[in-house]
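Novice: What follows is a structure written as structure tokens; I'll ask about it next.
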Amino acid sequence: MLAQEEYVEAHALRKRGWSISAIARHLGRDRKTLRAYLSGERTPGQRRPAESDPFDEFEPYVRQRLADDPHLRATVLFEEAKKLGYGQSYVTFARKIRSRQLRPSCAACGGTRGQAVEIIDHPR
């Protein structure tokens with residue numbers, strides 16, 4: 001990304017007849033980057049938007065499946081998502097479930113941290 005000051009300097013140098021290669025060497029930037037800014041393809045001070053997250057397409061499905069069964073194993077859900085076209089790894093899939101907090105809490109299972117537990121019979 002070019003700062004506004006670099007853009008102004010590059011533009012002024014270009015008007016003076018400097019080549020894009022010379023301006024790139026002077027500013028320590030890549031020629032293709034400079035060409036994109038000088039041609040108007042990119043705007044100074046603004047980053048290109050990041051690519052969309054492939055998990056976004058599967059989030060509603062994952063959210064619904066976990067709402068139906070909060071005890072569903074992530075590996076089972078991952079296999080289902082793969083059949084639907086999900087192309088990333090299991091580790092990434094599980095990380096997205098955790099970071100987006102998609103797994104609802106189960107009242108019957110909650111509150112057992114650090115305590116002895118036993119199997120609680122409850123509907124699935």
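The way I read the labels, and the way they are meant: chains A, B, ... in the order of the structure tokens, residue 1 as the first residue of every chain, and ligand 1 as the first ligand shown, with later ones counted on from there.
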Could you please write out, as a ChimeraX atom specification, every residue of chain A that DSSP assigns to helix (DSSP H, G or I)?

Specialist: /A:4-15,20-27,31-39,54-57,59-68,74-83,90-99

Novice: Find the nearest atom pair between each residue of segment 82-106 of chain A and segment 54-57 of chain A for residues within 12 Å, count only C-alpha atoms, give distances in Å to one decimal, sort rows by chain and ascending number, and present the table as a Markdown table.

Specialist:
```
| residue | atom | partner | partner_atom | distance |
| --- | --- | --- | --- | --- |
| A:Lys82 | CA | A:Phe55 | CA | 11.2 |
| A:Leu84 | CA | A:Glu57 | CA | 10.3 |
| A:Gly85 | CA | A:Glu57 | CA | 9.9 |
| A:Tyr86 | CA | A:Pro54 | CA | 7.4 |
| A:Gly87 | CA | A:Pro54 | CA | 8.0 |
| A:Gln88 | CA | A:Pro54 | CA | 7.9 |
| A:Ser89 | CA | A:Phe55 | CA | 10.8 |
| A:Tyr90 | CA | A:Phe55 | CA | 11.5 |
| A:Thr92 | CA | A:Phe55 | CA | 9.0 |
| A:Phe93 | CA | A:Phe55 | CA | 7.5 |
| A:Ala94 | CA | A:Phe55 | CA | 10.6 |
| A:Arg95 | CA | A:Phe55 | CA | 10.6 |
| A:Lys96 | CA | A:Phe55 | CA | 7.5 |
| A:Ile97 | CA | A:Phe55 | CA | 9.4 |
| A:Ser99 | CA | A:Phe55 | CA | 11.8 |
| A:Arg100 | CA | A:Asp56 | CA | 10.6 |
```

Novice: What does the file look like for those residues with all heavy atoms, as a tab-separated table (two decimals), in the first residue's frame?

Specialist:
```
chain	number	residue	atom	x	y	z
A	82	LYS	N	-17.44	-31.16	4.18
A	82	LYS	CA	-16.58	-31.55	3.05
A	82	LYS	C	-17.42	-32.06	1.88
A	82	LYS	O	-17.14	-31.75	0.73
A	82	LYS	CB	-15.59	-32.64	3.49
A	82	LYS	CG	-14.24	-32.10	3.79
A	82	LYS	CD	-13.19	-33.10	4.16
A	82	LYS	CE	-13.30	-34.49	3.62
A	82	LYS	NZ	-12.21	-35.36	4.04
A	84	LEU	N	-20.28	-31.15	1.16
A	84	LEU	CA	-20.98	-30.00	0.59
A	84	LEU	C	-20.04	-29.05	-0.14
A	84	LEU	O	-20.48	-28.05	-0.70
A	84	LEU	CB	-21.72	-29.24	1.69
A	84	LEU	CG	-22.87	-30.00	2.34
A	84	LEU	CD1	-23.40	-29.22	3.54
A	84	LEU	CD2	-23.98	-30.25	1.34
A	85	GLY	N	-18.71	-29.34	-0.10
A	85	GLY	CA	-17.78	-28.53	-0.85
A	85	GLY	C	-16.78	-27.73	-0.03
A	85	GLY	O	-16.02	-26.93	-0.58
A	86	TYR	N	-16.77	-27.91	1.28
A	86	TYR	CA	-15.80	-27.19	2.11
A	86	TYR	C	-14.41	-27.72	1.80
A	86	TYR	O	-14.18	-28.92	1.81
A	86	TYR	CB	-16.13	-27.37	3.60
A	86	TYR	CG	-15.20	-26.62	4.52
A	86	TYR	CD1	-15.32	-25.25	4.67
A	86	TYR	CD2	-14.22	-27.27	5.24
A	86	TYR	CE1	-14.48	-24.53	5.51
A	86	TYR	CE2	-13.37	-26.57	6.09
A	86	TYR	CZ	-13.51	-25.22	6.22
A	86	TYR	OH	-12.67	-24.52	7.05
A	87	GLY	N	-13.46	-26.82	1.52
A	87	GLY	CA	-12.15	-27.26	1.05
A	87	GLY	C	-10.98	-27.04	1.98
A	87	GLY	O	-9.86	-27.35	1.63
A	88	GLN	N	-11.21	-26.49	3.17
A	88	GLN	CA	-10.10	-26.26	4.07
A	88	GLN	C	-9.93	-27.45	5.02
A	88	GLN	O	-10.69	-28.39	4.98
A	88	GLN	CB	-10.31	-24.96	4.84
A	88	GLN	CG	-10.24	-23.75	3.91
A	88	GLN	CD	-10.27	-22.46	4.68
A	88	GLN	OE1	-11.16	-22.25	5.49
A	88	GLN	NE2	-9.32	-21.60	4.40
A	89	SER	N	-8.93	-27.36	5.89
A	89	SER	CA	-8.60	-28.47	6.77
A	89	SER	C	-9.54	-28.56	7.96
A	89	SER	O	-10.25	-27.61	8.30
A	89	SER	CB	-7.16	-28.32	7.29
A	89	SER	OG	-7.10	-27.25	8.22
A	90	TYR	N	-9.47	-29.72	8.65
A	90	TYR	CA	-10.28	-29.93	9.85
A	90	TYR	C	-9.86	-28.94	10.94
A	90	TYR	O	-10.71	-28.40	11.65
A	90	TYR	CB	-10.13	-31.36	10.36
A	90	TYR	CG	-10.72	-31.52	11.75
A	90	TYR	CD1	-12.08	-31.56	11.93
A	90	TYR	CD2	-9.89	-31.57	12.87
A	90	TYR	CE1	-12.63	-31.66	13.20
A	90	TYR	CE2	-10.42	-31.67	14.13
A	90	TYR	CZ	-11.79	-31.71	14.30
A	90	TYR	OH	-12.32	-31.81	15.56
A	92	THR	N	-8.66	-25.93	10.68
A	92	THR	CA	-9.24	-24.62	10.37
A	92	THR	C	-10.73	-24.62	10.65
A	92	THR	O	-11.27	-23.66	11.22
A	92	THR	CB	-8.98	-24.25	8.90
A	92	THR	OG1	-7.57	-24.26	8.67
A	92	THR	CG2	-9.55	-22.89	8.55
A	93	PHE	N	-11.40	-25.69	10.29
A	93	PHE	CA	-12.85	-25.83	10.51
A	93	PHE	C	-13.16	-25.74	12.00
A	93	PHE	O	-14.03	-24.97	12.42
A	93	PHE	CB	-13.31	-27.17	9.93
A	93	PHE	CG	-14.79	-27.38	9.97
A	93	PHE	CD1	-15.62	-26.80	9.03
A	93	PHE	CD2	-15.37	-28.19	10.94
A	93	PHE	CE1	-16.98	-27.01	9.05
A	93	PHE	CE2	-16.73	-28.41	10.98
A	93	PHE	CZ	-17.54	-27.81	10.03
A	94	ALA	N	-12.43	-26.50	12.82
A	94	ALA	CA	-12.67	-26.52	14.26
A	94	ALA	C	-12.34	-25.15	14.87
A	94	ALA	O	-13.04	-24.67	15.76
A	94	ALA	CB	-11.83	-27.60	14.92
A	95	ARG	N	-11.28	-24.50	14.38
A	95	ARG	CA	-10.92	-23.18	14.87
A	95	ARG	C	-12.02	-22.16	14.60
A	95	ARG	O	-12.34	-21.31	15.43
A	95	ARG	CB	-9.61	-22.71	14.24
A	95	ARG	CG	-9.14	-21.38	14.78
A	95	ARG	CD	-7.87	-20.83	14.15
A	95	ARG	NE	-6.95	-21.80	13.62
A	95	ARG	CZ	-6.68	-21.94	12.31
A	95	ARG	NH1	-7.28	-21.18	11.42
A	95	ARG	NH2	-5.81	-22.84	11.89
A	96	LYS	N	-12.62	-22.26	13.42
A	96	LYS	CA	-13.70	-21.33	13.06
A	96	LYS	C	-14.92	-21.55	13.97
A	96	LYS	O	-15.58	-20.59	14.37
A	96	LYS	CB	-14.12	-21.51	11.60
A	96	LYS	CG	-13.04	-21.16	10.61
A	96	LYS	CD	-12.73	-19.71	10.60
A	96	LYS	CE	-11.69	-19.43	9.54
A	96	LYS	NZ	-11.36	-18.03	9.46
A	97	ILE	N	-15.22	-22.79	14.29
A	97	ILE	CA	-16.35	-23.09	15.18
A	97	ILE	C	-16.09	-22.46	16.55
A	97	ILE	O	-16.98	-21.83	17.13
A	97	ILE	CB	-16.58	-24.60	15.30
A	97	ILE	CG1	-17.12	-25.16	13.99
A	97	ILE	CG2	-17.56	-24.92	16.43
A	97	ILE	CD1	-17.23	-26.66	13.95
A	99	SER	N	-13.79	-19.95	17.36
A	99	SER	CA	-13.62	-18.50	17.35
A	99	SER	C	-14.94	-17.76	17.13
A	99	SER	O	-15.12	-16.65	17.63
A	99	SER	CB	-12.60	-18.08	16.29
A	99	SER	OG	-13.09	-18.34	14.99
A	100	ARG	N	-15.85	-18.37	16.40
A	100	ARG	CA	-17.15	-17.74	16.15
A	100	ARG	C	-18.19	-18.16	17.18
A	100	ARG	O	-19.34	-17.75	17.11
A	100	ARG	CB	-17.64	-18.08	14.74
A	100	ARG	CG	-16.72	-17.51	13.68
A	100	ARG	CD	-17.14	-17.89	12.31
A	100	ARG	NE	-16.16	-17.44	11.32
A	100	ARG	CZ	-16.45	-17.18	10.08
A	100	ARG	NH1	-17.70	-17.30	9.63
A	100	ARG	NH2	-15.51	-16.79	9.25
```

Novice: Just the number, please: distance in Å from atom CA of Ala22 of chain A to atom CA of Arg42 of chain A, one decimal.

Specialist: 19.7 Å

Novice: Write out as a JSON list (two decimals) with N, CA, C and O atoms, in the first residue's frame the residues lying within 12 Å of Arg14 of chain A, counting only C-alpha atoms and excluding same-chain residues fewer than 4 positions away.

Specialist:
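Wrote it out as around.json, contents follow:
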```
[["chain", "number", "residue", "atom", "x", "y", "z"],
["A", 7, "TYR", "N", 2.36, 8.58, -2.94],
["A", 7, "TYR", "CA", 1.55, 8.70, -4.15],
["A", 7, "TYR", "C", 1.76, 10.07, -4.79],
["A", 7, "TYR", "O", 1.94, 10.18, -6.01],
["A", 8, "VAL", "N", 1.75, 11.12, -3.99],
["A", 8, "VAL", "CA", 1.93, 12.48, -4.50],
["A", 8, "VAL", "C", 3.31, 12.60, -5.14],
["A", 8, "VAL", "O", 3.45, 13.16, -6.24],
["A", 9, "GLU", "N", 4.33, 12.07, -4.46],
["A", 9, "GLU", "CA", 5.69, 12.14, -5.00],
["A", 9, "GLU", "C", 5.80, 11.35, -6.31],
["A", 9, "GLU", "O", 6.38, 11.81, -7.28],
["A", 10, "ALA", "N", 5.22, 10.14, -6.33],
["A", 10, "ALA", "CA", 5.26, 9.31, -7.53],
["A", 10, "ALA", "C", 4.56, 10.01, -8.69],
["A", 10, "ALA", "O", 5.03, 9.99, -9.83],
["A", 18, "TRP", "N", 9.76, 10.80, -15.40],
["A", 18, "TRP", "CA", 10.45, 9.64, -14.86],
["A", 18, "TRP", "C", 9.72, 8.37, -15.29],
["A", 18, "TRP", "O", 8.49, 8.34, -15.40],
["A", 19, "SER", "N", 10.47, 7.32, -15.51],
["A", 19, "SER", "CA", 9.85, 6.03, -15.84],
["A", 19, "SER", "C", 9.31, 5.39, -14.56],
["A", 19, "SER", "O", 9.73, 5.73, -13.45],
["A", 20, "ILE", "N", 8.39, 4.47, -14.74],
["A", 20, "ILE", "CA", 7.83, 3.76, -13.58],
["A", 20, "ILE", "C", 8.93, 2.99, -12.85],
["A", 20, "ILE", "O", 8.96, 2.95, -11.62],
["A", 21, "SER", "N", 9.86, 2.40, -13.60],
["A", 21, "SER", "CA", 10.96, 1.67, -12.97],
["A", 21, "SER", "C", 11.83, 2.59, -12.12],
["A", 21, "SER", "O", 12.23, 2.22, -11.01],
["A", 22, "ALA", "N", 12.11, 3.77, -12.62],
["A", 22, "ALA", "CA", 12.94, 4.72, -11.87],
["A", 22, "ALA", "C", 12.22, 5.19, -10.60],
["A", 22, "ALA", "O", 12.84, 5.30, -9.54],
["A", 23, "ILE", "N", 10.93, 5.45, -10.72],
["A", 23, "ILE", "CA", 10.15, 5.88, -9.55],
["A", 23, "ILE", "C", 10.11, 4.75, -8.52],
["A", 23, "ILE", "O", 10.27, 4.98, -7.31],
["A", 24, "ALA", "N", 9.92, 3.53, -8.99],
["A", 24, "ALA", "CA", 9.87, 2.37, -8.09],
["A", 24, "ALA", "C", 11.20, 2.23, -7.34],
["A", 24, "ALA", "O", 11.20, 1.99, -6.12],
["A", 26, "HIS", "N", 13.37, 4.62, -6.74],
["A", 26, "HIS", "CA", 13.50, 5.79, -5.87],
["A", 26, "HIS", "C", 12.68, 5.61, -4.58],
["A", 26, "HIS", "O", 13.15, 5.95, -3.49],
["A", 34, "LEU", "N", 3.31, 0.37, -8.20],
["A", 34, "LEU", "CA", 3.30, 1.77, -8.62],
["A", 34, "LEU", "C", 2.42, 1.99, -9.84],
["A", 34, "LEU", "O", 1.66, 2.96, -9.91],
["A", 35, "ARG", "N", 2.53, 1.08, -10.80],
["A", 35, "ARG", "CA", 1.72, 1.20, -12.02],
["A", 35, "ARG", "C", 0.23, 1.18, -11.67],
["A", 35, "ARG", "O", -0.57, 1.93, -12.23],
["A", 37, "TYR", "N", -1.22, 2.16, -8.91],
["A", 37, "TYR", "CA", -1.60, 3.43, -8.29],
["A", 37, "TYR", "C", -1.65, 4.57, -9.32],
["A", 37, "TYR", "O", -2.57, 5.38, -9.31],
["A", 38, "LEU", "N", -0.65, 4.62, -10.18],
["A", 38, "LEU", "CA", -0.60, 5.71, -11.17],
["A", 38, "LEU", "C", -1.69, 5.59, -12.23],
["A", 38, "LEU", "O", -2.13, 6.59, -12.78],
["A", 39, "SER", "N", -2.13, 4.37, -12.51],
["A", 39, "SER", "CA", -3.20, 4.18, -13.50],
["A", 39, "SER", "C", -4.59, 4.36, -12.89],
["A", 39, "SER", "O", -5.57, 4.41, -13.62]]
```

Novice: In Å, how far is it from atom CA of Glu6 of chain A to atom CA of Ala50 of chain A?

Specialist: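 Between atom CA of Glu6 of chain A and atom CA of Ala50 of chain A the gap is 22.8 Å.
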
Novice: Separation of atom CA of Glu79 of chain A and atom CA of Asp121 of chain A, in Å?

Specialist: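 Computed distance, atom CA of Glu79 of chain A to atom CA of Asp121 of chain A, equals 26.8 Å.
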
Novice: Within 10 Å of Arg63 of chain A, counting only C-alpha atoms, which residues show up once you throw out same-chain ones fewer than 6 positions away? Write them as a list in words, please.

Specialist: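 So, after excluding close chain neighbours, the residues are Asp69, Pro70, Ile97, Arg100, Gln101, Leu102, Arg103 and Pro104 of chain A.
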